[in-house]
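Written below as structure tokens is the structure these notes are about.
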Amino acid sequence: MPRLSEVIAALENLWPAERAESWDAVGTVVGDPGQPVTRVLFAVDPVRAIVDEAVELGADLLVTHHPLYLRGTTTVAASTFKGHVVHTLIKNDIALHVAHTNADTADPGVSDALAGALDLRVVRPLVPDPTDPAGRRGLGRICELDHPLPLREFAARAAARLPATAQGIRVAGDPDAVVRTVAVSGGSGDSLFDQVRAAGVDAFLTADLRHHPVSEAVHHSPLALLDAAHWATEWPWCELAAAQLDEISDREGWDLRVHVSATVTDPWTAHAASSPTASPMGAPN
């Protein structure tokens with residue numbers, strides 16, 4: 001039975017904290033280094049529903065992609081949302097460890113898992129990590145489809161392969177355009193349009209695309225855009241990360257029980273499609 005410090009050391013080897021962005025907050029948030037670990041839960045968000053799931057599961061360690069305190073805090077009072085999370089974790093002897101941007105750029109990382117969920121072949125990073133001589137680490141991935149598809153069919157594949165959310169997949173571009181190459185980036189990706197255009201791909205799948213950057217992007221080139229829910233683009237990493245820890249556990253003889261949360265923590269809960277007959281007020285139908 002490993003101690004928390006041993007498991008954390010293994011996770012830090014997968015996602016070294018020094019590879020996180022300077023603004024990020026990664027690493028161990030709560031937990032006694034000497035406590036034994038037998039059961040681990042992976043999830044995207046360290047929210048109350050996930051913490052309650054960890055308690056019910058009997059987990060000793062919760063590993064999440066998103067930080068609990070990204071911008072710091074002056075209180076962990078249980079009367080606050082995040083303070084309640086901290087109190088619940090400590091009362092139940094559950095450690096919390098975060099791998100965020102250091103998991104985004106890892107090899108394999110968040111975008112590799114996203115590409116795998118979409119059955120895409122990874123060619124190279126979208127934004128290579130200059131410190132990686134092998135050229136495999138970095139933000140996002142450039143990928144190829146196994147065979148060309150119309151944009152509408154590729155969007156349908158994404159909707160079917162990624163976890164279901166209220167948003168689904170939004171598409172900008174000609175539905176009949178042929179897609180052979182795709183850039184993917186788990187999480188918010190509209191800051192990467194310059195790199196995506198420079199890569200010369202047919203489509204870009206990411207999350208949190210905003211009106212103005214998308215409007216500009218579609219006027220710059222015929223690049224097709226697919227906007228998925230933030231949570232849905234990052235959840236496949238949980239399965240990848242759990243498999244990596246399982247492999248380490250087997251190699252070290254730890255016999256850990258590793259789980260992936262299926263709880264949907266995307267904040268959007270419903271979607272009402274626009275009527276095809278609707279029009280702006282005062283405009284003719």
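Identifiers for the structure tokens are assigned positionally: chains receive A, B, ... in sequence, residues are indexed from 1 per chain, and ligands are indexed from 1 in the order shown.
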Env of stretch 154-166 of chain A: 9 Å cut, atoms = only C-alpha atoms, seq-sep filter 4 positions within chain, self excluded. Answer as a list in words. Leu114, Ala117, Leu118, Asp119, Pro148, Leu149, Pro150, Arg170, Val171, Pro175, Val179, Leu205, Leu226, Ala228, Ala229, Trp231, Ala232, Thr233, Trp235, Pro236, Val264, Asp266, Trp268, Thr269, Ala270, His271 and Ala272 of chain A
How would the residues just chosen look if you wrote them out with C-alpha atoms as a compact mmCIF listing (two decimals), in the first residue's frame?
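Below is the file that was written, part-v2.txt:
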# COMPACT_ATOMS: atom_id res chain seq x y z
CA LEU A 114 -9.18 14.30 -27.08
CA ALA A 117 -11.69 9.98 -28.40
CA LEU A 118 -12.29 11.31 -31.92
CA ASP A 119 -10.32 8.47 -33.54
CA PRO A 148 -11.81 12.29 -45.40
CA LEU A 149 -15.26 13.29 -44.13
CA PRO A 150 -17.65 16.12 -44.86
CA ARG A 170 -21.43 24.07 -32.61
CA VAL A 171 -20.04 24.37 -36.13
CA PRO A 175 -21.17 21.61 -43.80
CA VAL A 179 -12.10 17.51 -43.65
CA LEU A 205 -12.01 21.51 -32.64
CA LEU A 226 -16.09 23.04 -34.07
CA ALA A 228 -17.55 21.66 -27.93
CA ALA A 229 -18.24 22.06 -24.22
CA TRP A 231 -15.70 19.91 -19.81
CA ALA A 232 -16.35 17.45 -22.67
CA THR A 233 -13.04 18.22 -24.40
CA TRP A 235 -12.89 14.62 -19.73
CA PRO A 236 -11.16 12.05 -22.02
CA VAL A 264 -21.18 15.60 -15.69
CA ASP A 266 -20.40 20.98 -17.28
CA TRP A 268 -24.83 24.17 -18.67
CA THR A 269 -27.83 21.94 -17.99
CA ALA A 270 -30.21 22.44 -20.92
CA HIS A 271 -30.32 23.60 -24.53
CA ALA A 272 -33.31 25.06 -26.36
Picked from stretch 155-204 of chain A by DSSP as alpha helix (DSSP H), as a PDB file with N, CA, C and O atoms, in the first residue's frame:
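Heads up, here's the output in states_7.pdb:
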ATOM      1  N   ALA A 155     -18.507  16.534 -37.512  1.00  0.00           N
ATOM      2  CA  ALA A 155     -19.190  17.110 -36.352  1.00  0.00           C
ATOM      3  C   ALA A 155     -20.075  16.074 -35.678  1.00  0.00           C
ATOM      4  O   ALA A 155     -20.142  16.001 -34.441  1.00  0.00           O
ATOM      5  N   ALA A 156     -20.754  15.244 -36.479  1.00  0.00           N
ATOM      6  CA  ALA A 156     -21.587  14.183 -35.914  1.00  0.00           C
ATOM      7  C   ALA A 156     -20.728  13.177 -35.153  1.00  0.00           C
ATOM      8  O   ALA A 156     -21.129  12.661 -34.098  1.00  0.00           O
ATOM      9  N   ARG A 157     -19.520  12.888 -35.692  1.00  0.00           N
ATOM     10  CA  ARG A 157     -18.617  11.981 -34.980  1.00  0.00           C
ATOM     11  C   ARG A 157     -18.228  12.569 -33.631  1.00  0.00           C
ATOM     12  O   ARG A 157     -18.239  11.870 -32.608  1.00  0.00           O
ATOM     13  N   ALA A 158     -17.897  13.857 -33.616  1.00  0.00           N
ATOM     14  CA  ALA A 158     -17.514  14.504 -32.364  1.00  0.00           C
ATOM     15  C   ALA A 158     -18.657  14.470 -31.355  1.00  0.00           C
ATOM     16  O   ALA A 158     -18.449  14.197 -30.166  1.00  0.00           O
ATOM     17  N   ALA A 159     -19.872  14.725 -31.831  1.00  0.00           N
ATOM     18  CA  ALA A 159     -21.032  14.705 -30.937  1.00  0.00           C
ATOM     19  C   ALA A 159     -21.271  13.316 -30.370  1.00  0.00           C
ATOM     20  O   ALA A 159     -21.707  13.168 -29.216  1.00  0.00           O
ATOM     21  N   ALA A 160     -20.977  12.288 -31.155  1.00  0.00           N
ATOM     22  CA  ALA A 160     -21.206  10.914 -30.713  1.00  0.00           C
ATOM     23  C   ALA A 160     -20.088  10.409 -29.800  1.00  0.00           C
ATOM     24  O   ALA A 160     -20.332   9.603 -28.895  1.00  0.00           O
ATOM     25  N   ARG A 161     -18.848  10.867 -30.037  1.00  0.00           N
ATOM     26  CA  ARG A 161     -17.699  10.320 -29.314  1.00  0.00           C
ATOM     27  C   ARG A 161     -17.405  11.053 -28.006  1.00  0.00           C
ATOM     28  O   ARG A 161     -16.862  10.445 -27.075  1.00  0.00           O
ATOM     29  N   PHE A 193      -5.781  30.668 -32.833  1.00  0.00           N
ATOM     30  CA  PHE A 193      -6.160  30.746 -34.243  1.00  0.00           C
ATOM     31  C   PHE A 193      -4.960  30.995 -35.165  1.00  0.00           C
ATOM     32  O   PHE A 193      -4.881  30.445 -36.257  1.00  0.00           O
ATOM     33  N   ASP A 194      -4.016  31.820 -34.751  1.00  0.00           N
ATOM     34  CA  ASP A 194      -2.855  32.086 -35.605  1.00  0.00           C
ATOM     35  C   ASP A 194      -2.072  30.809 -35.870  1.00  0.00           C
ATOM     36  O   ASP A 194      -1.672  30.527 -37.011  1.00  0.00           O
ATOM     37  N   GLN A 195      -1.854  30.012 -34.815  1.00  0.00           N
ATOM     38  CA  GLN A 195      -1.112  28.763 -34.974  1.00  0.00           C
ATOM     39  C   GLN A 195      -1.896  27.752 -35.795  1.00  0.00           C
ATOM     40  O   GLN A 195      -1.313  27.006 -36.584  1.00  0.00           O
ATOM     41  N   VAL A 196      -3.217  27.735 -35.634  1.00  0.00           N
ATOM     42  CA  VAL A 196      -4.052  26.803 -36.396  1.00  0.00           C
ATOM     43  C   VAL A 196      -4.022  27.155 -37.868  1.00  0.00           C
ATOM     44  O   VAL A 196      -3.864  26.278 -38.732  1.00  0.00           O
ATOM     45  N   ARG A 197      -4.160  28.438 -38.192  1.00  0.00           N
ATOM     46  CA  ARG A 197      -4.100  28.848 -39.597  1.00  0.00           C
ATOM     47  C   ARG A 197      -2.734  28.533 -40.196  1.00  0.00           C
ATOM     48  O   ARG A 197      -2.630  28.077 -41.345  1.00  0.00           O
ATOM     49  N   ALA A 198      -1.672  28.761 -39.422  1.00  0.00           N
ATOM     50  CA  ALA A 198      -0.325  28.489 -39.914  1.00  0.00           C
ATOM     51  C   ALA A 198      -0.122  26.996 -40.180  1.00  0.00           C
ATOM     52  O   ALA A 198       0.666  26.626 -41.055  1.00  0.00           O
ATOM     53  N   ALA A 199      -0.852  26.145 -39.451  1.00  0.00           N
ATOM     54  CA  ALA A 199      -0.722  24.696 -39.639  1.00  0.00           C
ATOM     55  C   ALA A 199      -1.399  24.225 -40.916  1.00  0.00           C
ATOM     56  O   ALA A 199      -1.139  23.109 -41.379  1.00  0.00           O
TER      57      ALA A 199
END
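Take the candidates A:Arg71, A:Arg121, A:Arg48, A:His65 and check each one against A:Val86 using only C-alpha atoms; the shortest distance goes to A:Arg48.
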Skipping near chain neighbours, those fewer than 5 positions away, what residues fall within 10 Å of stretch 43-46 of chain A using only C-alpha atoms, listed as a tab-separated table (two decimals) with C-alpha atoms, in the first residue's frame?
chain	number	residue	atom	x	y	z
A	51	VAL	CA	-16.01	15.53	-3.68
A	54	ALA	CA	-15.09	10.65	-3.70
A	62	LEU	CA	-8.91	12.89	-5.82
A	63	VAL	CA	-7.01	14.02	-8.92
A	64	THR	CA	-8.60	16.82	-10.94
A	65	HIS	CA	-7.65	18.75	-14.05
A	66	HIS	CA	-8.99	22.10	-12.94
A	67	PRO	CA	-7.49	23.84	-9.91
A	68	LEU	CA	-9.55	24.51	-6.82
A	69	TYR	CA	-7.89	27.87	-6.06
A	82	LYS	CA	-14.53	26.14	-2.05
A	85	VAL	CA	-14.81	21.40	-0.46
A	86	VAL	CA	-11.59	21.71	1.55
A	96	LEU	CA	-6.57	16.59	-3.68
A	97	HIS	CA	-3.96	16.87	-6.43
A	98	VAL	CA	-4.26	19.07	-9.54
A	99	ALA	CA	-2.65	18.62	-12.97
A	100	HIS	CA	-3.76	21.45	-15.27
A	230	HIS	CA	-15.09	22.80	-22.21
A	231	TRP	CA	-15.70	19.91	-19.81
A	232	ALA	CA	-16.35	17.45	-22.67
A	234	GLU	CA	-11.06	17.59	-21.21
A	235	TRP	CA	-12.89	14.62	-19.73
A	236	PRO	CA	-11.16	12.05	-22.02
A	237	TRP	CA	-7.90	12.97	-20.26
A	238	CYS	CA	-9.30	11.52	-17.03
A	239	GLU	CA	-9.48	8.08	-18.66
A	241	ALA	CA	-4.56	9.62	-16.73
A	242	ALA	CA	-6.29	6.80	-14.86
A	259	HIS	CA	-11.69	5.21	-10.96
A	260	VAL	CA	-12.90	7.89	-13.38
A	261	SER	CA	-15.90	10.00	-12.44
A	262	ALA	CA	-18.77	9.87	-14.92
A	263	THR	CA	-20.50	12.80	-13.20
A	264	VAL	CA	-21.18	15.60	-15.69
A	265	THR	CA	-19.85	18.83	-14.20
A	266	ASP	CA	-20.40	20.98	-17.28
Would you pick out the contacts of A:Val218 at 12 Å or less, using only C-alpha atoms, so that residues sharing its chain but fewer than 3 positions from it are not included, and give the list as number ranges by chain? A: 171-174, 193, 197, 202-204, 211-215, 221-226
Could those selected residues go to a file with N, CA and C atoms, as an mmCIF file, in the first residue's frame?
data_model
loop_
_atom_site.group_PDB
_atom_site.id
_atom_site.type_symbol
_atom_site.label_atom_id
_atom_site.label_comp_id
_atom_site.auth_asym_id
_atom_site.auth_seq_id
_atom_site.Cartn_x
_atom_site.Cartn_y
_atom_site.Cartn_z
ATOM 1 N N VAL A 171 -20.886 24.428 -34.945
ATOM 2 C CA VAL A 171 -20.037 24.365 -36.134
ATOM 3 C C VAL A 171 -20.090 25.679 -36.890
ATOM 4 N N ALA A 172 -18.920 26.146 -37.337
ATOM 5 C CA ALA A 172 -18.823 27.300 -38.233
ATOM 6 C C ALA A 172 -18.095 26.835 -39.487
ATOM 7 N N GLY A 173 -18.738 26.985 -40.651
ATOM 8 C CA GLY A 173 -18.126 26.547 -41.891
ATOM 9 C C GLY A 173 -19.118 25.846 -42.789
ATOM 10 N N ASP A 174 -18.694 25.551 -44.001
ATOM 11 C CA ASP A 174 -19.525 24.862 -44.979
ATOM 12 C C ASP A 174 -19.721 23.416 -44.541
ATOM 13 N N PHE A 193 -5.781 30.668 -32.833
ATOM 14 C CA PHE A 193 -6.160 30.746 -34.243
ATOM 15 C C PHE A 193 -4.960 30.995 -35.165
ATOM 16 N N ARG A 197 -4.160 28.438 -38.192
ATOM 17 C CA ARG A 197 -4.100 28.848 -39.597
ATOM 18 C C ARG A 197 -2.734 28.533 -40.196
ATOM 19 N N ASP A 202 -7.727 21.651 -42.045
ATOM 20 C CA ASP A 202 -9.069 21.912 -42.569
ATOM 21 C C ASP A 202 -10.046 22.343 -41.476
ATOM 22 N N ALA A 203 -9.817 21.900 -40.238
ATOM 23 C CA ALA A 203 -10.768 22.177 -39.162
ATOM 24 C C ALA A 203 -10.040 22.299 -37.833
ATOM 25 N N PHE A 204 -10.693 22.963 -36.903
ATOM 26 C CA PHE A 204 -10.158 23.149 -35.554
ATOM 27 C C PHE A 204 -11.269 22.845 -34.568
ATOM 28 N N HIS A 211 -17.625 34.932 -30.025
ATOM 29 C CA HIS A 211 -18.185 35.498 -31.257
ATOM 30 C C HIS A 211 -17.138 36.214 -32.114
ATOM 31 N N HIS A 212 -16.458 37.194 -31.559
ATOM 32 C CA HIS A 212 -15.566 38.018 -32.374
ATOM 33 C C HIS A 212 -14.369 37.237 -32.927
ATOM 34 N N PRO A 213 -13.671 36.445 -32.109
ATOM 35 C CA PRO A 213 -12.574 35.663 -32.701
ATOM 36 C C PRO A 213 -13.045 34.696 -33.782
ATOM 37 N N VAL A 214 -14.216 34.082 -33.605
ATOM 38 C CA VAL A 214 -14.738 33.168 -34.627
ATOM 39 C C VAL A 214 -15.109 33.940 -35.884
ATOM 40 N N SER A 215 -15.760 35.086 -35.721
ATOM 41 C CA SER A 215 -16.150 35.897 -36.874
ATOM 42 C C SER A 215 -14.927 36.306 -37.690
ATOM 43 N N SER A 221 -9.954 32.688 -43.544
ATOM 44 C CA SER A 221 -9.658 31.467 -44.290
ATOM 45 C C SER A 221 -10.896 30.575 -44.292
ATOM 46 N N PRO A 222 -10.873 29.503 -45.092
ATOM 47 C CA PRO A 222 -11.999 28.557 -45.092
ATOM 48 C C PRO A 222 -11.957 27.567 -43.924
ATOM 49 N N LEU A 223 -11.131 27.834 -42.926
ATOM 50 C CA LEU A 223 -11.013 26.958 -41.770
ATOM 51 C C LEU A 223 -12.379 26.701 -41.128
ATOM 52 N N ALA A 224 -12.716 25.431 -40.936
ATOM 53 C CA ALA A 224 -13.960 25.061 -40.241
ATOM 54 C C ALA A 224 -13.691 25.018 -38.741
ATOM 55 N N LEU A 225 -14.661 25.429 -37.959
ATOM 56 C CA LEU A 225 -14.513 25.477 -36.506
ATOM 57 C C LEU A 225 -15.583 24.628 -35.839
ATOM 58 N N LEU A 226 -15.166 23.861 -34.850
ATOM 59 C CA LEU A 226 -16.085 23.044 -34.068
ATOM 60 C C LEU A 226 -15.892 23.393 -32.602
#
Q) When distances are computed from only C-alpha atoms, which of A:Arg141, A:Leu11, A:Glu153, A:Thr105 shows the smallest separation from A:Asp129? A)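 Ranking A:Arg141, A:Leu11, A:Glu153, A:Thr105 by distance to A:Asp129, first place goes to A:Thr105.
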